[in-house]
Amino acid sequence: MDRDKILLTPGPLTTTLRTKLAMLKDWGSWDADFNAVTASVRKSLLAILHGQDSHVVVPLQGSGTFSVEAAVATLVPHDGHVLVLDNGAYCKRAAKLTTLMGRRCSVLGFDDAVQVDPAVLTQQLKYDPSITHVVLIHCETGAGVLNPLQAVADVCATHDKGLIVDAMSSFGALEIDARKTRFDALVAASGKCLEGVPGMGFVFIRKAVLDACAGRSQSLAMDLHDQYVYMERTTQWRFTPPTHVVVALHEAIAQFEQEGGQPARLARYTGNYQTLISGMARLGFKPFLDPAIQAPIIVTFHAPADPKYDFKTFYAAARTRGFILYPGKLTQLETFRVGCIGAIASFEIEQAVHAMALALLDMGIASGAPA
Ligand SMILES: *Cc1c(COP(=O)(O)O)cnc(C)c1O
């Protein structure tokens, strides 16, 4: 059957038919109609962040990582020193790209199963005054931990450090208000909680730091200041825009607004999350994280103890029934992940739980309980 499978992953996500249909047209990159769509998307993104007064938004071609890399290249001076707060795989990726771009990078490590600690950050900033910027992953999609954005932003503001936030898997679903939370840059992308298709990221940059960013990027394609200046002057993208991705995001944002914006999206994802947790508990599965620090975005489950379990077989058995699961990203423990985000509701999560129950049955596994 050629029906789309439901994607229980952290992106690409299941999108609505309406969003997909928006892509059935060709657009010229310098045509006024298309540039009006870009302008509208940028205006809506700033409104979601409540950042009209304090920030600008700069879209960039590519997956989300491209925009994280661009934010670091554009904001951090060559002699800057970045401190990455690390409690998972996406933090490690941010540290790696910072180092590869020739910026001095230190890592403040935490366990995968805990939030980063603002008190430890305070100590580190006092201990090493050479640090100029802090990188925080808001929702660490690796294990699914929600990190304390407000507290980290407050520490950075107190110590007058730049803060770059990767809010890729939280923007649109969790509340982020630029009027209350101070950051220099915040990065997200089209194909996450706004439920567009993947292909572009966008970076909110605080107006107060924007001018100083001119000429810092060692990369032409990653230079967000140049992209910004060009877009303001011409209304166009520098270099070929991902036209279909932009119009799909425009349509996805219209649905986001009709649904009731960020609070409604959070409510739907929270419903998905609760349905998932209770359904999986009935099958014996145990989540990896303490629910107190779990974001309702993606859930890591321990692999069942039964020796007959292996992820590939389990994945294939769920896939046959129309659901795409996601492998775990922890180095020490065998786990798998189930996303709660995308254009899906809790009845689809119930069906996914049922598909996993049947997958266990196929494999002759009586319970999902871990060791
Ligand atoms: C999805 C995601 C990214 C971007 O990953 P890409 O593979 O480049 O799309 C970055 N950070 C976090 C926390 C994410 O969830």
# chains A, B, ... in the order shown; residues from 1 in each chain; ligands from 1
$ residues_near_ligand --ligand "ligand 1" --cutoff "7 Å" --atoms "only C-alpha atoms and all ligand atoms" --output "PyMOL selection string"
chain A and resi 10-11+63-66+90+137+139-141+166-169
$ write_last_selection --atoms "N, CA, C and O atoms" --output "PDB file, in the first residue's frame"
ATOM      1  N   PRO A  10      12.264  12.481  15.362  1.00  0.00           N
ATOM      2  CA  PRO A  10      12.412  13.912  15.644  1.00  0.00           C
ATOM      3  C   PRO A  10      12.626  14.751  14.384  1.00  0.00           C
ATOM      4  O   PRO A  10      13.316  15.754  14.404  1.00  0.00           O
ATOM      5  N   GLY A  11      12.102  14.383  13.290  1.00  0.00           N
ATOM      6  CA  GLY A  11      12.222  15.115  12.028  1.00  0.00           C
ATOM      7  C   GLY A  11      13.048  14.308  11.046  1.00  0.00           C
ATOM      8  O   GLY A  11      14.044  13.732  11.475  1.00  0.00           O
ATOM      9  N   SER A  63      19.658  21.814   6.440  1.00  0.00           N
ATOM     10  CA  SER A  63      19.034  21.227   7.632  1.00  0.00           C
ATOM     11  C   SER A  63      19.390  22.072   8.841  1.00  0.00           C
ATOM     12  O   SER A  63      20.170  23.035   8.755  1.00  0.00           O
ATOM     13  N   GLY A  64      18.840  21.724   9.984  1.00  0.00           N
ATOM     14  CA  GLY A  64      19.020  22.534  11.185  1.00  0.00           C
ATOM     15  C   GLY A  64      20.471  22.741  11.586  1.00  0.00           C
ATOM     16  O   GLY A  64      20.851  23.828  12.044  1.00  0.00           O
ATOM     17  N   THR A  65      21.280  21.708  11.429  1.00  0.00           N
ATOM     18  CA  THR A  65      22.689  21.807  11.814  1.00  0.00           C
ATOM     19  C   THR A  65      23.399  22.931  11.056  1.00  0.00           C
ATOM     20  O   THR A  65      24.273  23.598  11.607  1.00  0.00           O
ATOM     21  N   PHE A  66      23.009  23.145   9.789  1.00  0.00           N
ATOM     22  CA  PHE A  66      23.621  24.222   9.004  1.00  0.00           C
ATOM     23  C   PHE A  66      23.415  25.565   9.715  1.00  0.00           C
ATOM     24  O   PHE A  66      24.294  26.419   9.725  1.00  0.00           O
ATOM     25  N   TYR A  90      23.377  16.021  20.607  1.00  0.00           N
ATOM     26  CA  TYR A  90      23.314  17.267  19.837  1.00  0.00           C
ATOM     27  C   TYR A  90      24.260  18.315  20.416  1.00  0.00           C
ATOM     28  O   TYR A  90      24.768  19.176  19.685  1.00  0.00           O
ATOM     29  N   ILE A 137      21.547  23.504  24.367  1.00  0.00           N
ATOM     30  CA  ILE A 137      20.521  22.802  23.583  1.00  0.00           C
ATOM     31  C   ILE A 137      19.259  22.792  24.449  1.00  0.00           C
ATOM     32  O   ILE A 137      19.283  22.228  25.546  1.00  0.00           O
ATOM     33  N   CYS A 139      15.957  21.510  24.098  1.00  0.00           N
ATOM     34  CA  CYS A 139      15.513  20.128  24.290  1.00  0.00           C
ATOM     35  C   CYS A 139      16.578  19.235  23.665  1.00  0.00           C
ATOM     36  O   CYS A 139      16.764  19.262  22.446  1.00  0.00           O
ATOM     37  N   GLU A 140      17.302  18.475  24.463  1.00  0.00           N
ATOM     38  CA  GLU A 140      18.350  17.578  23.968  1.00  0.00           C
ATOM     39  C   GLU A 140      17.643  16.357  23.394  1.00  0.00           C
ATOM     40  O   GLU A 140      17.219  15.457  24.118  1.00  0.00           O
ATOM     41  N   THR A 141      17.501  16.362  22.089  1.00  0.00           N
ATOM     42  CA  THR A 141      16.718  15.341  21.397  1.00  0.00           C
ATOM     43  C   THR A 141      17.356  13.951  21.515  1.00  0.00           C
ATOM     44  O   THR A 141      16.693  12.946  21.278  1.00  0.00           O
ATOM     45  N   ASP A 166      20.191  26.285  20.793  1.00  0.00           N
ATOM     46  CA  ASP A 166      19.644  25.367  19.792  1.00  0.00           C
ATOM     47  C   ASP A 166      18.273  24.946  20.303  1.00  0.00           C
ATOM     48  O   ASP A 166      18.161  24.142  21.224  1.00  0.00           O
ATOM     49  N   ALA A 167      17.234  25.568  19.739  1.00  0.00           N
ATOM     50  CA  ALA A 167      15.860  25.258  20.147  1.00  0.00           C
ATOM     51  C   ALA A 167      15.150  24.491  19.033  1.00  0.00           C
ATOM     52  O   ALA A 167      13.939  24.615  18.844  1.00  0.00           O
ATOM     53  N   MET A 168      15.949  23.694  18.327  1.00  0.00           N
ATOM     54  CA  MET A 168      15.455  23.014  17.126  1.00  0.00           C
ATOM     55  C   MET A 168      14.198  22.198  17.401  1.00  0.00           C
ATOM     56  O   MET A 168      13.225  22.294  16.673  1.00  0.00           O
ATOM     57  N   SER A 169      14.251  21.378  18.441  1.00  0.00           N
ATOM     58  CA  SER A 169      13.128  20.454  18.673  1.00  0.00           C
ATOM     59  C   SER A 169      12.141  21.008  19.695  1.00  0.00           C
ATOM     60  O   SER A 169      11.246  20.282  20.117  1.00  0.00           O
TER      61      SER A 169
END
$ residues_around --residues "Leu60 in chain A" --least-positions-apart "2" --cutoff "6 Å" --atoms "only C-alpha atoms" --output "PyMOL selection string"
chain A and resi 200-202
$ residues_around --residues "range 284-292 of chain A" --least-positions-apart "6" --cutoff "9 Å" --atoms "only C-alpha atoms" --output "ChimeraX atom specification"
/A:113-114,143-145,277,299-304,335,366-370
$ closest_atom_pairs --of "range 334-361 of chain A" --to "range 316-326 of chain A" --cutoff "6 Å" --atoms "only C-alpha atoms" --output "Markdown table"
| residue | atom | partner | partner_atom | distance |
| --- | --- | --- | --- | --- |
| A:Arg337 | CA | A:Tyr326 | CA | 5.0 |
| A:Val338 | CA | A:Leu325 | CA | 5.8 |
| A:Ala355 | CA | A:Ala318 | CA | 5.5 |
| A:Met356 | CA | A:Ala318 | CA | 5.8 |
| A:Ala359 | CA | A:Ala317 | CA | 5.0 |
$ write_last_selection --atoms "C-alpha atoms" --output "PDB file, in the first residue's frame"
ATOM      1  CA  ARG A 337      13.086   6.436  20.788  1.00  0.00           C
ATOM      2  CA  VAL A 338       9.508   7.362  19.952  1.00  0.00           C
ATOM      3  CA  ALA A 355       1.606  -1.825  16.535  1.00  0.00           C
ATOM      4  CA  MET A 356       4.443  -2.212  19.047  1.00  0.00           C
ATOM      5  CA  ALA A 359       5.603  -6.422  17.107  1.00  0.00           C
TER       6      ALA A 359
END
$ select_by_dssp --residues "range 48-239 of chain A" --states "helix (DSSP H, G or I)" --output "ChimeraX atom specification"
/A:48-49,64-75,89-100,118-127,149-158,207-213,224-234
$ residues_around --residues "Ala345 in chain A" --least-positions-apart "5" --cutoff "9 Å" --atoms "only C-alpha atoms" --output "list in words"
Arg268, Tyr269, Gly271, Asn272 and Cys340 of chain A
$ write_last_selection --atoms "all heavy atoms" --output "PDB file, in the first residue's frame"
ATOM      1  N   ARG A 268      -1.356  19.465  22.378  1.00  0.00           N
ATOM      2  CA  ARG A 268      -1.499  18.252  21.553  1.00  0.00           C
ATOM      3  C   ARG A 268      -0.318  17.309  21.772  1.00  0.00           C
ATOM      4  O   ARG A 268      -0.508  16.103  21.952  1.00  0.00           O
ATOM      5  CB  ARG A 268      -1.645  18.631  20.071  1.00  0.00           C
ATOM      6  CG  ARG A 268      -1.715  17.426  19.150  1.00  0.00           C
ATOM      7  CD  ARG A 268      -2.381  17.726  17.800  1.00  0.00           C
ATOM      8  NE  ARG A 268      -1.753  18.800  17.042  1.00  0.00           N
ATOM      9  CZ  ARG A 268      -0.670  18.654  16.267  1.00  0.00           C
ATOM     10  NH1 ARG A 268      -0.103  17.462  16.148  1.00  0.00           N
ATOM     11  NH2 ARG A 268      -0.176  19.682  15.595  1.00  0.00           N
ATOM     12  N   TYR A 269       0.900  17.868  21.790  1.00  0.00           N
ATOM     13  CA  TYR A 269       2.075  17.010  21.979  1.00  0.00           C
ATOM     14  C   TYR A 269       2.090  16.381  23.381  1.00  0.00           C
ATOM     15  O   TYR A 269       2.516  15.246  23.556  1.00  0.00           O
ATOM     16  CB  TYR A 269       3.370  17.801  21.760  1.00  0.00           C
ATOM     17  CG  TYR A 269       3.633  18.203  20.315  1.00  0.00           C
ATOM     18  CD1 TYR A 269       4.687  19.057  20.004  1.00  0.00           C
ATOM     19  CD2 TYR A 269       2.848  17.735  19.257  1.00  0.00           C
ATOM     20  CE1 TYR A 269       4.957  19.439  18.689  1.00  0.00           C
ATOM     21  CE2 TYR A 269       3.107  18.120  17.948  1.00  0.00           C
ATOM     22  CZ  TYR A 269       4.155  18.972  17.668  1.00  0.00           C
ATOM     23  OH  TYR A 269       4.419  19.354  16.371  1.00  0.00           O
ATOM     24  N   GLY A 271      -0.565  15.595  25.086  1.00  0.00           N
ATOM     25  CA  GLY A 271      -1.535  14.495  24.990  1.00  0.00           C
ATOM     26  C   GLY A 271      -0.914  13.278  24.326  1.00  0.00           C
ATOM     27  O   GLY A 271      -1.081  12.135  24.788  1.00  0.00           O
ATOM     28  N   ASN A 272      -0.168  13.507  23.251  1.00  0.00           N
ATOM     29  CA  ASN A 272       0.523  12.405  22.565  1.00  0.00           C
ATOM     30  C   ASN A 272       1.491  11.711  23.520  1.00  0.00           C
ATOM     31  O   ASN A 272       1.559  10.476  23.589  1.00  0.00           O
ATOM     32  CB  ASN A 272       1.319  12.933  21.361  1.00  0.00           C
ATOM     33  CG  ASN A 272       0.434  13.400  20.225  1.00  0.00           C
ATOM     34  OD1 ASN A 272      -0.779  13.201  20.240  1.00  0.00           O
ATOM     35  ND2 ASN A 272       1.040  14.034  19.231  1.00  0.00           N
ATOM     36  N   CYS A 340       6.878  12.308  19.735  1.00  0.00           N
ATOM     37  CA  CYS A 340       5.487  12.698  20.025  1.00  0.00           C
ATOM     38  C   CYS A 340       5.060  13.842  19.127  1.00  0.00           C
ATOM     39  O   CYS A 340       3.958  14.375  19.278  1.00  0.00           O
ATOM     40  CB  CYS A 340       5.370  13.172  21.471  1.00  0.00           C
ATOM     41  SG  CYS A 340       6.028  12.022  22.664  1.00  0.00           S
TER      42      CYS A 340
END
